[in-house]
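Only one structure is covered here, and it is reproduced in the block below.
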Amino acid sequence: MSTGSPPKRGFSTQAVHAGEDRKKFGDSLTTPIVQTSTFVFHDAKDVHDYTSKAKFRFEYSRYGTPTQRTTEKKLAELDGAQDCLLFASGMSAVTTALLALLSKGQHLVITDDVYKKTLQFCQNDLPRFGIECAITPMGDYKALEKAIQPNTRILFSESPTNPYLNILDMKKFVAIGKKHRLTTIVDATFATPVNQQPLAFGVDIVIHSATKYLGGHNDLLAGAALGKERFVNEVRDFQKTTGGVIDPHCCYLLLRGLKTLSIRVARQNATALTVAKFLEKHPRIKKVYYPGLKSHRDHQIAKAQMRGFGGVVTFDVDGDSATTQKVLENLKLCYVGPSLGGVETLITHPASISYYDMTRDERYAIGITDGLVRLAVGVEDAEDIIADLEQALAAVFKKG
Ligand SMILES: *Cc1c(COP(=O)(O)O)cnc(C)c1O
């Protein structure tokens, strides 16, 4: 028998097996939920081995748990990262990472169509701690570079973005970061490691809202930051203080979800493309935004750096806000609600939910039109999702 290193395993195999010890407690096949707040020391040597770092072990659950560590190792493997740190939510990952890596008097540059709460944190909260940010238009790399100041430390972006699914050109983004010796961070929630691995392009830190595709069942909140050990350790040390940790039961749900990540996302990629093509032909849909369509502004970049285009399709209904909400009300399969990435198809009308607090002019200035709808496909049959959309549109537009 060969004694060489085992062959490199495929993504689906790694999703099931990576990070998991082959021999587990009680000969269990699955990783147990170690539901404890603290870990005990049996003698002074135990304590010494721990404090001298002679032996890795757990101490207190705010500093990590076995179920968490297994989940982190699996996700690190899938994203091609040296290390991973999990959080109580995606926003906890974003805020903890930025606060860990930035200090008073420093500056970051962020692209404009990132997750709304991320932008709010950078615009409204970081300045309270003496950290300023510049916001530059997504896709404008000249503006991005021009916004860099002597005290800039971080470039932050997202890809694909919400709701227009604009795609960051990773090569250009990383080149600017390297030239100015900045830490680059990308929120890659919408892509998942199945479709895109920003670390392979040289991005320093990847952030995910694991609430979405990674968990995949619309039943948990979690976040992740991944990258080189030295970055992740810096953030981990800060998380030990700020405490936005993930609990063991949630880790278990995430671990379980990750095992089917590749098959779920493959299905969602295929369904979203089919639905996008259907919508593009529908007479009452003005425009469809999907990076897998030739009509999308970033189709070429998406094709060059992604293996799939994701499960979110955004489209503009030919009607005012009330008409669009009527279409949503007529859906019988898709649920109306925020979030994305789970097994159930979810649909949302940004103008009346995420941006309800803005005037129409303010919304239109950032491209949130009255008829805009974001559809996040689940793992149902594409034909059923299309039939549901078709009947809901027909019900509203029957009189022409
Ligand atoms: C949902 C989301 C977040 C926030 O994650 P939570 O888990 O809800 O805290 C951040 N970024 C993106 C792109 C998201 O979709």
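The chains in the structure tokens are called A, B, ... from first to last as shown; in each chain the residues are counted from 1, and the ligands are counted from 1 in the order shown.
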Checklist entry - Within 7 Å of ligand 1, counting only C-alpha atoms and all ligand atoms: which residues, as a list of chain:residue names? => result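 Those within range of ligand 1 are A:Ser89, A:Gly90, A:Met91, A:Ser92, A:Val114, A:Tyr115, A:Thr118, A:Glu158, A:Thr161, A:Asn162, A:Asp187, A:Ala188, A:Thr189, A:Phe190, A:His208, A:Ser209, A:Ala210, A:Thr211, A:Lys212, A:Leu221, A:Ala222, A:Gly223, A:Ser339.
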Next on the checklist: Among segment 73-110 of chain A, which ones does DSSP assign to strand (DSSP E or B) (computed from the backbone)? Answer as a PyMOL selection string.
Outcome noted: chain A and resi 83-87+107-110
Store the residues of this selection in a file with N, CA and C atoms, as a tab-separated table (two decimals), in the first residue's frame.
chain	number	residue	atom	x	y	z
A	83	ASP	N	-6.99	29.73	9.10
A	83	ASP	CA	-7.78	29.63	10.32
A	83	ASP	C	-9.13	30.33	10.13
A	84	CYS	N	-10.05	30.01	11.03
A	84	CYS	CA	-11.40	30.56	11.00
A	84	CYS	C	-11.83	30.87	12.42
A	85	LEU	N	-12.60	31.91	12.56
A	85	LEU	CA	-13.18	32.24	13.87
A	85	LEU	C	-14.68	32.46	13.67
A	86	LEU	N	-15.47	31.81	14.51
A	86	LEU	CA	-16.92	31.95	14.41
A	86	LEU	C	-17.44	32.97	15.42
A	87	PHE	N	-18.60	33.53	15.09
A	87	PHE	CA	-19.21	34.58	15.91
A	87	PHE	C	-20.70	34.31	16.08
A	107	HIS	N	-8.03	54.90	9.50
A	107	HIS	CA	-9.01	55.17	8.45
A	107	HIS	C	-9.22	53.91	7.62
A	108	LEU	N	-10.44	53.73	7.11
A	108	LEU	CA	-10.65	52.63	6.18
A	108	LEU	C	-11.42	53.13	4.96
A	109	VAL	N	-11.29	52.40	3.87
A	109	VAL	CA	-12.05	52.73	2.66
A	109	VAL	C	-13.00	51.56	2.41
A	110	ILE	N	-14.26	51.91	2.17
A	110	ILE	CA	-15.29	50.88	1.98
A	110	ILE	C	-16.10	51.20	0.72
Counting only C-alpha atoms, what are the residues of segment 141-250 of chain A within 10 Å of segment 49-66 of chain A, and for each of them which pair of atoms is the nearest and at what distance in Å, to one decimal? Sort the table by chain and rising number, as CSV.
residue,atom,partner,partner_atom,distance
A:Arg236,CA,A:Tyr63,CA,8.2
A:Asp237,CA,A:Tyr63,CA,8.6
A:Gln239,CA,A:Tyr63,CA,8.1
A:Lys240,CA,A:Tyr63,CA,5.6
A:Thr241,CA,A:Arg62,CA,8.7
A:Thr242,CA,A:Arg62,CA,9.5
A:Gly243,CA,A:Arg62,CA,6.3
A:Gly244,CA,A:Arg62,CA,8.3
A:Val245,CA,A:Arg62,CA,6.2
A:Ile246,CA,A:Arg62,CA,8.5
A:Asp247,CA,A:Ser61,CA,8.1
A:Pro248,CA,A:Thr65,CA,6.9
Item to check | Distance criterion (only C-alpha atoms): nearest to Ala225 of chain A out of A:Ala81, A:Ala147, A:Leu372, A:Val313 | outcome: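 So, comparing all the options, the nearest one is A:Ala81.
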Next on the checklist: Please extract the residues of segment 126-355 of chain A with a backbone DSSP assignment of alpha helix (DSSP H) and present them as a PyMOL selection string.
Outcome noted: chain A and resi 141-146+170-179+192-195+229-242+248-259+261-281+299-305+321-329
Next on the checklist: Considering only C-alpha atoms, can you say which of A:Val373, A:Leu261, A:Gly337, A:Ser321 comes closest to Arg360 of chain A?
Outcome noted: A:Ser321
Checklist entry - Neighbours of segment 120-129 of chain A within 8 Å (only C-alpha atoms; same-chain residues fewer than 2 positions away dropped), as number ranges by chain? => result A: 95, 103-104, 116-118, 131-133
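The gap separating atom CA of Asn218 of chain A from atom CA of Ile353 of chain A is 18.6 Å, in Å to one decimal.
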Item to check | 12 Å contact set for Leu346 of chain A, only C-alpha atoms, chain neighbours under 4 positions out, as a count of residues only | outcome: 30
Item to check | Of the listed residues A:Ala395, A:Ala44, A:Ala134, A:Val186, that which approaches Gln149 of chain A most closely, counting only C-alpha atoms | outcome: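 Of A:Ala395, A:Ala44, A:Ala134, A:Val186, the one nearest Gln149 of chain A, counting only C-alpha atoms, is A:Ala134.
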